[in-house]
$ cat my_file.txt   # compact mmCIF, C-alpha atoms
# COMPACT_ATOMS: atom_id res chain seq x y z
CA MET R 1 43.07 -87.01 -26.31
CA PHE R 2 42.16 -83.54 -27.51
CA GLU R 3 43.70 -82.26 -30.70
CA LEU R 4 43.44 -78.65 -31.82
CA HIS R 5 42.07 -78.17 -35.34
CA PRO R 6 44.99 -77.56 -37.74
CA GLN R 7 43.49 -74.28 -38.98
CA LEU R 8 43.26 -72.87 -35.45
CA ASP R 9 46.76 -74.15 -34.76
CA LYS R 10 48.03 -72.37 -37.89
CA ASP R 11 46.20 -69.06 -37.38
CA CYS R 12 46.71 -68.58 -33.64
CA PHE R 13 49.17 -68.41 -30.78
CA VAL R 14 48.48 -70.49 -27.69
CA ILE R 15 47.90 -68.31 -24.64
CA GLU R 16 47.03 -71.19 -22.33
CA GLU R 17 46.71 -74.91 -22.88
CA GLY R 18 44.60 -76.11 -19.99
CA ASP R 19 43.08 -79.47 -19.10
CA LYS R 20 39.68 -78.56 -20.48
CA PHE R 21 40.24 -75.56 -22.75
CA HIS R 22 42.76 -73.96 -25.07
CA LEU R 23 42.89 -70.18 -25.01
CA LEU R 24 44.25 -68.83 -28.29
CA LEU R 25 45.22 -65.43 -29.68
CA LEU R 26 44.39 -64.94 -33.36
CA ASN R 27 47.36 -63.49 -35.23
CA ASN R 28 45.42 -60.34 -36.13
CA ALA R 29 46.73 -57.30 -34.28
CA ASP R 30 43.97 -55.03 -35.64
CA TYR R 31 41.78 -56.10 -32.68
CA PRO R 32 42.36 -58.04 -29.48
CA TRP R 33 40.88 -61.35 -30.62
CA LEU R 34 40.92 -64.33 -28.30
CA ILE R 35 39.50 -67.76 -29.11
CA LEU R 36 38.34 -70.18 -26.44
CA VAL R 37 38.32 -73.84 -27.48
CA PRO R 38 36.61 -76.29 -25.11
CA HIS R 39 38.04 -79.79 -25.24
CA THR R 40 34.96 -81.49 -26.61
CA ASP R 41 33.71 -83.26 -29.71
CA CYS R 42 30.38 -81.41 -29.43
CA LEU R 43 29.84 -78.87 -32.19
CA GLU R 44 27.31 -76.73 -30.30
CA LEU R 45 27.24 -75.31 -26.78
CA HIS R 46 23.90 -76.89 -25.95
CA HIS R 47 25.17 -80.35 -26.93
CA MET R 48 27.68 -80.32 -24.07
CA ASP R 49 26.58 -81.68 -20.72
CA ILE R 50 25.63 -79.21 -18.02
CA ASP R 51 28.96 -79.44 -16.17
CA GLN R 52 30.80 -78.59 -19.37
CA GLN R 53 28.40 -75.71 -20.05
CA LEU R 54 28.97 -74.27 -16.59
CA MET R 55 32.73 -74.56 -16.99
CA TRP R 56 32.38 -72.84 -20.37
CA LEU R 57 30.37 -70.02 -18.73
CA TYR R 58 33.13 -69.53 -16.17
CA LYS R 59 35.84 -69.43 -18.85
CA ILE R 60 33.88 -66.95 -21.00
CA GLN R 61 33.55 -64.73 -17.94
CA GLN R 62 37.23 -65.05 -17.03
CA THR R 63 38.33 -64.28 -20.60
CA SER R 64 35.91 -61.35 -20.96
CA ILE R 65 37.17 -59.75 -17.74
CA PHE R 66 40.76 -60.16 -18.95
CA MET R 67 39.80 -58.44 -22.21
CA GLU R 68 38.38 -55.48 -20.32
CA LYS R 69 41.32 -55.23 -17.94
CA HIS R 70 44.16 -55.74 -20.36
CA PHE R 71 42.95 -54.05 -23.56
CA ASP R 72 41.41 -50.65 -24.15
CA ILE R 73 38.08 -51.81 -25.57
CA GLU R 74 34.54 -50.51 -25.64
CA LYS R 75 32.48 -53.55 -26.65
CA LEU R 76 32.90 -57.30 -26.76
CA ASN R 77 31.81 -59.41 -29.69
CA VAL R 78 31.30 -62.98 -28.45
CA ALA R 79 30.41 -65.69 -30.94
CA SER R 80 30.42 -69.33 -31.92
CA ILE R 81 30.18 -69.57 -35.71
CA GLY R 82 32.01 -72.67 -36.92
CA ASN R 83 30.95 -72.49 -40.56
CA MET R 84 34.52 -73.09 -41.73
CA VAL R 85 36.17 -74.79 -38.75
CA ARG R 86 33.61 -77.05 -37.11
CA GLN R 87 35.60 -77.75 -33.94
CA MET R 88 33.75 -75.67 -31.33
CA HIS R 89 35.53 -72.40 -30.69
CA TRP R 90 34.30 -69.13 -29.23
CA HIS R 91 35.50 -65.77 -30.47
CA ILE R 92 35.94 -63.08 -27.83
CA ILE R 93 36.84 -59.92 -29.70
CA GLY R 94 37.42 -56.46 -28.27
CA ARG R 95 35.99 -53.65 -30.38
CA ARG R 96 36.36 -49.88 -30.34
CA GLU R 97 34.33 -47.29 -32.20
CA ASP R 98 37.54 -46.08 -33.86
CA ASP R 99 38.67 -49.52 -35.04
CA ALA R 100 39.00 -50.17 -38.78
CA LEU R 101 35.73 -52.02 -39.29
CA PHE R 102 33.42 -50.71 -36.57
CA PRO R 103 30.44 -51.07 -36.47
CA ASN R 104 30.71 -53.96 -38.91
CA VAL R 105 31.69 -57.45 -37.83
CA VAL R 106 35.29 -58.51 -38.26
CA TRP R 107 34.85 -62.02 -39.62
CA GLY R 108 35.79 -62.37 -43.26
CA SER R 109 38.14 -59.35 -43.34
CA PRO R 110 41.84 -60.17 -43.57
CA ALA R 111 44.21 -58.90 -40.87
CA GLN R 112 45.98 -55.64 -41.71
CA SER R 113 48.61 -56.20 -39.00
CA THR R 114 50.06 -59.17 -37.15
CA TYR R 115 51.84 -59.64 -33.83
CA SER R 116 55.55 -59.53 -33.07
CA LYS R 117 57.00 -62.26 -30.86
CA SER R 118 57.40 -59.82 -27.97
CA GLN R 119 53.78 -58.64 -28.24
CA VAL R 120 52.57 -62.23 -28.03
CA GLU R 121 54.83 -62.92 -25.04
CA SER R 122 53.50 -59.83 -23.31
CA ILE R 123 49.90 -61.03 -23.70
CA GLN R 124 50.85 -64.55 -22.57
CA GLN R 125 52.50 -63.11 -19.48
CA ALA R 126 49.58 -60.84 -18.69
CA TRP R 127 47.18 -63.79 -18.95
CA ALA R 128 49.42 -65.96 -16.74
CA LEU R 129 49.51 -63.25 -14.08
CA TYR R 130 45.78 -62.57 -14.29
CA SER R 131 44.57 -66.18 -14.41
CA LYS R 132 46.74 -67.40 -11.54
CA LYS R 133 45.48 -64.79 -9.08
CA MET F 1 10.33 -51.72 -16.55
CA PHE F 2 12.04 -53.31 -19.53
CA GLU F 3 11.72 -51.64 -22.90
CA LEU F 4 12.80 -53.29 -26.13
CA HIS F 5 15.24 -51.24 -28.23
CA PRO F 6 13.27 -49.47 -31.03
CA GLN F 7 15.52 -50.98 -33.73
CA LEU F 8 14.85 -54.53 -32.52
CA ASP F 9 11.16 -53.71 -32.23
CA LYS F 10 11.16 -52.46 -35.83
CA ASP F 11 13.18 -55.29 -37.37
CA CYS F 12 11.64 -58.26 -35.57
CA PHE F 13 8.46 -60.13 -34.68
CA VAL F 14 7.91 -61.07 -31.06
CA ILE F 15 7.83 -64.84 -30.59
CA GLU F 16 7.55 -64.70 -26.82
CA GLU F 17 7.51 -61.85 -24.34
CA GLY F 18 8.47 -63.44 -21.06
CA ASP F 19 9.17 -62.04 -17.60
CA LYS F 20 12.92 -62.11 -18.08
CA PHE F 21 13.48 -62.39 -21.83
CA HIS F 22 12.04 -61.42 -25.19
CA LEU F 23 12.41 -64.00 -27.94
CA LEU F 24 12.31 -62.32 -31.37
CA LEU F 25 12.28 -63.46 -34.99
CA LEU F 26 14.23 -61.23 -37.34
CA ASN F 27 12.21 -60.44 -40.45
CA ASN F 28 14.72 -62.15 -42.71
CA ALA F 29 13.35 -65.36 -44.19
CA ASP F 30 16.69 -66.27 -45.83
CA TYR F 31 17.70 -68.01 -42.59
CA PRO F 32 15.92 -68.97 -39.38
CA TRP F 33 17.20 -66.12 -37.22
CA LEU F 34 16.05 -65.80 -33.62
CA ILE F 35 17.17 -63.10 -31.20
CA LEU F 36 17.13 -63.57 -27.46
CA VAL F 37 16.96 -60.37 -25.42
CA PRO F 38 17.52 -60.67 -21.66
CA HIS F 39 15.73 -58.03 -19.62
CA THR F 40 18.83 -56.33 -18.30
CA ASP F 41 20.70 -53.05 -18.53
CA CYS F 42 24.02 -54.95 -18.70
CA LEU F 43 25.70 -54.72 -22.08
CA GLU F 44 27.81 -57.87 -21.71
CA LEU F 45 27.01 -61.41 -20.55
CA HIS F 46 29.69 -61.41 -17.87
CA HIS F 47 28.31 -58.20 -16.35
CA MET F 48 25.09 -59.95 -15.37
CA ASP F 49 24.93 -61.62 -11.98
CA ILE F 50 25.33 -65.38 -11.84
CA ASP F 51 21.60 -66.11 -11.55
CA GLN F 52 20.95 -64.11 -14.69
CA GLN F 53 23.81 -65.88 -16.48
CA LEU F 54 22.43 -69.28 -15.56
CA MET F 55 18.96 -68.28 -16.76
CA TRP F 56 20.55 -67.03 -19.98
CA LEU F 57 22.34 -70.38 -20.40
CA TYR F 58 19.02 -72.20 -20.02
CA LYS F 59 17.29 -69.94 -22.57
CA ILE F 60 20.12 -70.32 -25.10
CA GLN F 61 19.83 -74.10 -24.74
CA GLN F 62 16.04 -74.02 -25.07
CA THR F 63 16.18 -71.78 -28.15
CA SER F 64 18.97 -73.83 -29.76
CA ILE F 65 17.03 -77.07 -29.34
CA PHE F 66 13.96 -75.43 -30.87
CA MET F 67 16.07 -74.34 -33.85
CA GLU F 68 17.25 -77.90 -34.40
CA LYS F 69 13.79 -79.40 -34.01
CA HIS F 70 11.77 -76.90 -35.99
CA PHE F 71 14.11 -75.87 -38.82
CA ASP F 72 16.20 -77.93 -41.20
CA ILE F 73 19.61 -76.58 -40.22
CA GLU F 74 23.16 -77.89 -40.13
CA LYS F 75 25.00 -75.39 -37.90
CA LEU F 76 24.11 -72.74 -35.37
CA ASN F 77 25.74 -69.34 -35.29
CA VAL F 78 25.36 -67.92 -31.77
CA ALA F 79 26.59 -64.40 -31.08
CA SER F 80 26.37 -61.24 -29.05
CA ILE F 81 27.72 -58.35 -31.11
CA GLY F 82 25.93 -55.14 -30.16
CA ASN F 83 28.05 -52.76 -32.21
CA MET F 84 24.97 -51.01 -33.57
CA VAL F 85 22.28 -51.80 -31.00
CA ARG F 86 23.88 -51.84 -27.57
CA GLN F 87 20.95 -53.40 -25.71
CA MET F 88 22.19 -56.94 -25.07
CA HIS F 89 20.77 -59.38 -27.60
CA TRP F 90 21.93 -62.81 -28.70
CA HIS F 91 21.63 -63.98 -32.27
CA ILE F 92 20.79 -67.66 -32.75
CA ILE F 93 20.92 -68.30 -36.46
CA GLY F 94 20.43 -71.59 -38.27
CA ARG F 95 22.78 -72.13 -41.19
CA ARG F 96 22.95 -74.64 -44.03
CA GLU F 97 25.78 -75.30 -46.43
CA ASP F 98 23.42 -74.46 -49.30
CA ASP F 99 22.23 -71.14 -47.87
CA ALA F 100 22.96 -67.93 -49.78
CA LEU F 101 25.95 -66.76 -47.77
CA PHE F 102 27.49 -69.94 -46.36
CA PRO F 103 30.23 -70.19 -45.11
CA ASN F 104 30.31 -66.44 -44.60
CA VAL F 105 28.59 -64.74 -41.69
CA VAL F 106 25.16 -63.22 -42.28
CA TRP F 107 25.52 -59.93 -40.43
CA GLY F 108 25.67 -56.90 -42.71
CA SER F 109 23.91 -58.57 -45.66
CA PRO F 110 20.37 -57.34 -46.32
CA ALA F 111 17.49 -59.85 -46.31
CA GLN F 112 16.53 -61.17 -49.74
CA SER F 113 13.15 -62.41 -48.46
CA THR F 114 10.82 -61.56 -45.59
CA TYR F 115 8.06 -63.43 -43.76
CA SER F 116 4.36 -63.55 -44.49
CA LYS F 117 1.96 -63.12 -41.57
CA SER F 118 1.03 -66.81 -41.70
CA GLN F 119 4.69 -67.89 -41.63
CA VAL F 120 5.28 -65.81 -38.52
CA GLU F 121 2.16 -67.21 -36.86
CA SER F 122 3.28 -70.73 -37.66
CA ILE F 123 6.64 -70.13 -35.93
CA GLN F 124 4.93 -68.45 -32.96
CA GLN F 125 2.63 -71.46 -32.59
CA ALA F 126 5.46 -73.97 -32.90
CA TRP F 127 7.40 -72.11 -30.18
CA ALA F 128 4.33 -71.96 -27.91
CA LEU F 129 3.79 -75.71 -28.28
CA TYR F 130 7.48 -76.50 -27.78
CA SER F 131 8.16 -74.18 -24.86
CA LYS F 132 5.08 -75.14 -22.88
CA LYS F 133 5.86 -78.86 -22.92

$ encode --input "my_file.txt" --output "structure tokens"
Amino acid sequence: MFELHPQLDKDCFVIEEGDKFHLLLLNNADYPWLILVPHTDCLELHHMDIDQQLMWLYKIQQTSIFMEKHFDIEKLNVASIGNMVRQMHWHIIGRREDDALFPNVVWGSPAQSTYSKSQVESIQQAWALYSKK
Amino acid sequence: MFELHPQLDKDCFVIEEGDKFHLLLLNNADYPWLILVPHTDCLELHHMDIDQQLMWLYKIQQTSIFMEKHFDIEKLNVASIGNMVRQMHWHIIGRREDDALFPNVVWGSPAQSTYSKSQVESIQQAWALYSKK
């Protein structure tokens, strides 16, 4: 039984809770910032078995394409860090040259703005439409 | 004909120059910090075709296992950022809870120590032995 890390649960909205992955939206409206959480106890990508890695590759691709379609972004930042929250989670962050921190990385800088309920619902709906095609 | 970005060429030592990838060592001895550069014009992982993505997955796995075997690390940080250097490159960084910046990310902090020639040669040799097995 998979359980989402309490810190991720606290900091994020759930965009999709699938059989094998959670897709989360970090409550930081400064950047489109999705977090993909494979349902695994492995802490590193290469510790997963090859089927899980291939499924991960598909989900990264699906999420990245959604980012490009739904948000006005110029560059993706994709990363597994896990220094604070060890449960494996992958950041997929959309960046623009005119965003507040560009070209610096966004980790470690507190959010300047957060989402309204209707903004979150709009992203959830867009994902549902996109991912069910 | 693939050409390595001048900034990567300047900042790194070449560990392996393969047909499809460069493996680089950033000249920052504070952390084991490898950089995998696929020979592609694509700026994002999901823009590559599926064969290239699968080859990338294999190389990430191979490099990650080397990191665990050769260096005394506790956590990997794996990331494609590309805000400054757009040529696609993947950071594979070994972290320890007692390293200088843990649990913060290492991007944006200048190196406190660099490699000697013999240290670089030792890593090049270890990779050659490991990757030719």

$ calpha_fit_and_write --input "my_file.txt" --fixed "chain R" --moving "chain F" --output "mmCIF file with C-alpha atoms, in the frame of the given file"
data_model
loop_
_atom_site.group_PDB
_atom_site.id
_atom_site.type_symbol
_atom_site.label_atom_id
_atom_site.label_comp_id
_atom_site.auth_asym_id
_atom_site.auth_seq_id
_atom_site.Cartn_x
_atom_site.Cartn_y
_atom_site.Cartn_z
ATOM 1 C CA MET F 1 43.075 -87.005 -26.318
ATOM 2 C CA PHE F 2 42.147 -83.533 -27.509
ATOM 3 C CA GLU F 3 43.698 -82.244 -30.700
ATOM 4 C CA LEU F 4 43.432 -78.636 -31.811
ATOM 5 C CA HIS F 5 42.047 -78.150 -35.334
ATOM 6 C CA PRO F 6 44.995 -77.568 -37.747
ATOM 7 C CA GLN F 7 43.484 -74.281 -38.989
ATOM 8 C CA LEU F 8 43.264 -72.869 -35.457
ATOM 9 C CA ASP F 9 46.769 -74.135 -34.758
ATOM 10 C CA LYS F 10 48.030 -72.352 -37.881
ATOM 11 C CA ASP F 11 46.204 -69.055 -37.378
ATOM 12 C CA CYS F 12 46.705 -68.582 -33.643
ATOM 13 C CA PHE F 13 49.179 -68.408 -30.770
ATOM 14 C CA VAL F 14 48.473 -70.489 -27.694
ATOM 15 C CA ILE F 15 47.891 -68.310 -24.635
ATOM 16 C CA GLU F 16 47.032 -71.188 -22.335
ATOM 17 C CA GLU F 17 46.709 -74.914 -22.874
ATOM 18 C CA GLY F 18 44.593 -76.104 -19.991
ATOM 19 C CA ASP F 19 43.076 -79.469 -19.096
ATOM 20 C CA LYS F 20 39.675 -78.560 -20.476
ATOM 21 C CA PHE F 21 40.244 -75.564 -22.746
ATOM 22 C CA HIS F 22 42.752 -73.965 -25.082
ATOM 23 C CA LEU F 23 42.883 -70.179 -25.005
ATOM 24 C CA LEU F 24 44.246 -68.823 -28.307
ATOM 25 C CA LEU F 25 45.215 -65.425 -29.693
ATOM 26 C CA LEU F 26 44.392 -64.945 -33.352
ATOM 27 C CA ASN F 27 47.347 -63.486 -35.227
ATOM 28 C CA ASN F 28 45.430 -60.349 -36.131
ATOM 29 C CA ALA F 29 46.732 -57.302 -34.288
ATOM 30 C CA ASP F 30 43.954 -55.041 -35.645
ATOM 31 C CA TYR F 31 41.782 -56.094 -32.693
ATOM 32 C CA PRO F 32 42.357 -58.031 -29.481
ATOM 33 C CA TRP F 33 40.886 -61.343 -30.617
ATOM 34 C CA LEU F 34 40.924 -64.337 -28.289
ATOM 35 C CA ILE F 35 39.504 -67.760 -29.107
ATOM 36 C CA LEU F 36 38.345 -70.173 -26.453
ATOM 37 C CA VAL F 37 38.325 -73.831 -27.479
ATOM 38 C CA PRO F 38 36.617 -76.292 -25.119
ATOM 39 C CA HIS F 39 38.049 -79.795 -25.245
ATOM 40 C CA THR F 40 34.958 -81.475 -26.611
ATOM 41 C CA ASP F 41 33.712 -83.254 -29.707
ATOM 42 C CA CYS F 42 30.372 -81.401 -29.434
ATOM 43 C CA LEU F 43 29.843 -78.865 -32.188
ATOM 44 C CA GLU F 44 27.310 -76.731 -30.306
ATOM 45 C CA LEU F 45 27.229 -75.308 -26.772
ATOM 46 C CA HIS F 46 23.890 -76.894 -25.937
ATOM 47 C CA HIS F 47 25.170 -80.345 -26.922
ATOM 48 C CA MET F 48 27.671 -80.323 -24.070
ATOM 49 C CA ASP F 49 26.567 -81.693 -20.721
ATOM 50 C CA ILE F 50 25.633 -79.215 -18.018
ATOM 51 C CA ASP F 51 28.964 -79.446 -16.178
ATOM 52 C CA GLN F 52 30.801 -78.590 -19.368
ATOM 53 C CA GLN F 53 28.404 -75.708 -20.046
ATOM 54 C CA LEU F 54 28.962 -74.283 -16.586
ATOM 55 C CA MET F 55 32.735 -74.554 -17.001
ATOM 56 C CA TRP F 56 32.381 -72.831 -20.372
ATOM 57 C CA LEU F 57 30.362 -70.032 -18.732
ATOM 58 C CA TYR F 58 33.129 -69.539 -16.168
ATOM 59 C CA LYS F 59 35.842 -69.436 -18.857
ATOM 60 C CA ILE F 60 33.887 -66.952 -20.993
ATOM 61 C CA GLN F 61 33.535 -64.715 -17.931
ATOM 62 C CA GLN F 62 37.220 -65.046 -17.044
ATOM 63 C CA THR F 63 38.327 -64.288 -20.611
ATOM 64 C CA SER F 64 35.903 -61.358 -20.952
ATOM 65 C CA ILE F 65 37.163 -59.753 -17.747
ATOM 66 C CA PHE F 66 40.746 -60.159 -18.952
ATOM 67 C CA MET F 67 39.807 -58.432 -22.216
ATOM 68 C CA GLU F 68 38.374 -55.480 -20.319
ATOM 69 C CA LYS F 69 41.314 -55.229 -17.939
ATOM 70 C CA HIS F 70 44.161 -55.741 -20.365
ATOM 71 C CA PHE F 71 42.951 -54.052 -23.563
ATOM 72 C CA ASP F 72 41.419 -50.650 -24.159
ATOM 73 C CA ILE F 73 38.091 -51.805 -25.573
ATOM 74 C CA GLU F 74 34.536 -50.507 -25.639
ATOM 75 C CA LYS F 75 32.467 -53.558 -26.646
ATOM 76 C CA LEU F 76 32.903 -57.302 -26.752
ATOM 77 C CA ASN F 77 31.806 -59.421 -29.672
ATOM 78 C CA VAL F 78 31.293 -62.990 -28.428
ATOM 79 C CA ALA F 79 30.405 -65.688 -30.940
ATOM 80 C CA SER F 80 30.430 -69.319 -31.927
ATOM 81 C CA ILE F 81 30.176 -69.575 -35.707
ATOM 82 C CA GLY F 82 32.015 -72.666 -36.918
ATOM 83 C CA ASN F 83 30.962 -72.482 -40.554
ATOM 84 C CA MET F 84 34.518 -73.087 -41.731
ATOM 85 C CA VAL F 85 36.169 -74.796 -38.761
ATOM 86 C CA ARG F 86 33.616 -77.049 -37.109
ATOM 87 C CA GLN F 87 35.603 -77.756 -33.942
ATOM 88 C CA MET F 88 33.755 -75.675 -31.346
ATOM 89 C CA HIS F 89 35.527 -72.388 -30.694
ATOM 90 C CA TRP F 90 34.297 -69.125 -29.223
ATOM 91 C CA HIS F 91 35.501 -65.781 -30.475
ATOM 92 C CA ILE F 92 35.936 -63.075 -27.835
ATOM 93 C CA ILE F 93 36.849 -59.925 -29.689
ATOM 94 C CA GLY F 94 37.409 -56.464 -28.257
ATOM 95 C CA ARG F 95 36.003 -53.654 -30.370
ATOM 96 C CA ARG F 96 36.360 -49.877 -30.340
ATOM 97 C CA GLU F 97 34.327 -47.300 -32.191
ATOM 98 C CA ASP F 98 37.537 -46.096 -33.852
ATOM 99 C CA ASP F 99 38.680 -49.529 -35.031
ATOM 100 C CA ALA F 100 39.009 -50.194 -38.764
ATOM 101 C CA LEU F 101 35.740 -52.035 -39.286
ATOM 102 C CA PHE F 102 33.426 -50.716 -36.570
ATOM 103 C CA PRO F 103 30.429 -51.085 -36.450
ATOM 104 C CA ASN F 104 30.712 -53.964 -38.891
ATOM 105 C CA VAL F 105 31.685 -57.459 -37.820
ATOM 106 C CA VAL F 106 35.307 -58.518 -38.250
ATOM 107 C CA TRP F 107 34.857 -62.026 -39.618
ATOM 108 C CA GLY F 108 35.820 -62.379 -43.272
ATOM 109 C CA SER F 109 38.145 -59.350 -43.336
ATOM 110 C CA PRO F 110 41.852 -60.178 -43.565
ATOM 111 C CA ALA F 111 44.222 -58.893 -40.858
ATOM 112 C CA GLN F 112 45.986 -55.640 -41.715
ATOM 113 C CA SER F 113 48.617 -56.200 -39.001
ATOM 114 C CA THR F 114 50.061 -59.180 -37.150
ATOM 115 C CA TYR F 115 51.855 -59.633 -33.827
ATOM 116 C CA SER F 116 55.549 -59.526 -33.067
ATOM 117 C CA LYS F 117 56.987 -62.269 -30.859
ATOM 118 C CA SER F 118 57.399 -59.824 -27.969
ATOM 119 C CA GLN F 119 53.778 -58.650 -28.249
ATOM 120 C CA VAL F 120 52.565 -62.231 -28.031
ATOM 121 C CA GLU F 121 54.813 -62.926 -25.045
ATOM 122 C CA SER F 122 53.518 -59.827 -23.313
ATOM 123 C CA ILE F 123 49.907 -61.031 -23.704
ATOM 124 C CA GLN F 124 50.850 -64.556 -22.584
ATOM 125 C CA GLN F 125 52.496 -63.118 -19.468
ATOM 126 C CA ALA F 126 49.577 -60.821 -18.688
ATOM 127 C CA TRP F 127 47.178 -63.786 -18.958
ATOM 128 C CA ALA F 128 49.407 -65.959 -16.742
ATOM 129 C CA LEU F 129 49.515 -63.245 -14.075
ATOM 130 C CA TYR F 130 45.776 -62.575 -14.310
ATOM 131 C CA SER F 131 44.567 -66.167 -14.411
ATOM 132 C CA LYS F 132 46.741 -67.385 -11.562
ATOM 133 C CA LYS F 133 45.509 -64.751 -9.113
#

$ residues_around --input "my_file.txt" --residues "Asp98 (chain F)" --least-positions-apart "5" --cutoff "12 Å" --atoms "only C-alpha atoms" --output "tab-separated table (two decimals) with C-alpha atoms, in the coordinates of the input"
chain	number	residue	atom	x	y	z
R	83	ASN	CA	30.95	-72.49	-40.56
F	30	ASP	CA	16.69	-66.27	-45.83
F	31	TYR	CA	17.70	-68.01	-42.59
F	72	ASP	CA	16.20	-77.93	-41.20
F	73	ILE	CA	19.61	-76.58	-40.22
F	74	GLU	CA	23.16	-77.89	-40.13
F	75	LYS	CA	25.00	-75.39	-37.90
F	103	PRO	CA	30.23	-70.19	-45.11
F	104	ASN	CA	30.31	-66.44	-44.60

$ residues_around --input "my_file.txt" --residues "Val85 (chain R)" --least-positions-apart "3" --cutoff "12 Å" --atoms "only C-alpha atoms" --output "tab-separated table (two decimals) with C-alpha atoms, in the coordinates of the input"
chain	number	residue	atom	x	y	z
R	4	LEU	CA	43.44	-78.65	-31.82
R	5	HIS	CA	42.07	-78.17	-35.34
R	6	PRO	CA	44.99	-77.56	-37.74
R	7	GLN	CA	43.49	-74.28	-38.98
R	8	LEU	CA	43.26	-72.87	-35.45
R	9	ASP	CA	46.76	-74.15	-34.76
R	11	ASP	CA	46.20	-69.06	-37.38
R	37	VAL	CA	38.32	-73.84	-27.48
R	43	LEU	CA	29.84	-78.87	-32.19
R	80	SER	CA	30.42	-69.33	-31.92
R	81	ILE	CA	30.18	-69.57	-35.71
R	82	GLY	CA	32.01	-72.67	-36.92
R	88	MET	CA	33.75	-75.67	-31.33
R	89	HIS	CA	35.53	-72.40	-30.69
R	90	TRP	CA	34.30	-69.13	-29.23
F	75	LYS	CA	25.00	-75.39	-37.90
F	103	PRO	CA	30.23	-70.19	-45.11
F	104	ASN	CA	30.31	-66.44	-44.60

$ residues_around --input "my_file.txt" --residues "Lys69 (chain F)" --least-positions-apart "6" --cutoff "12 Å" --atoms "only C-alpha atoms" --output "list in words"
Pro32, Gln62, Thr63, Gly94, Ile123, Ala126, Trp127, Tyr130 and Ser131 of chain F

$ closest_residue --input "my_file.txt" --among "F:His22, F:His70, F:Asn27, F:Tyr58" --to "Gln125 (chain F)" --atoms "all atoms listed in the file"
F:His70

$ closest_residue --input "my_file.txt" --among "F:Phe66, F:Ser118, F:Gln61, F:Val106" --to "chain R" --atoms "all atoms listed in the file"
F:Gln61
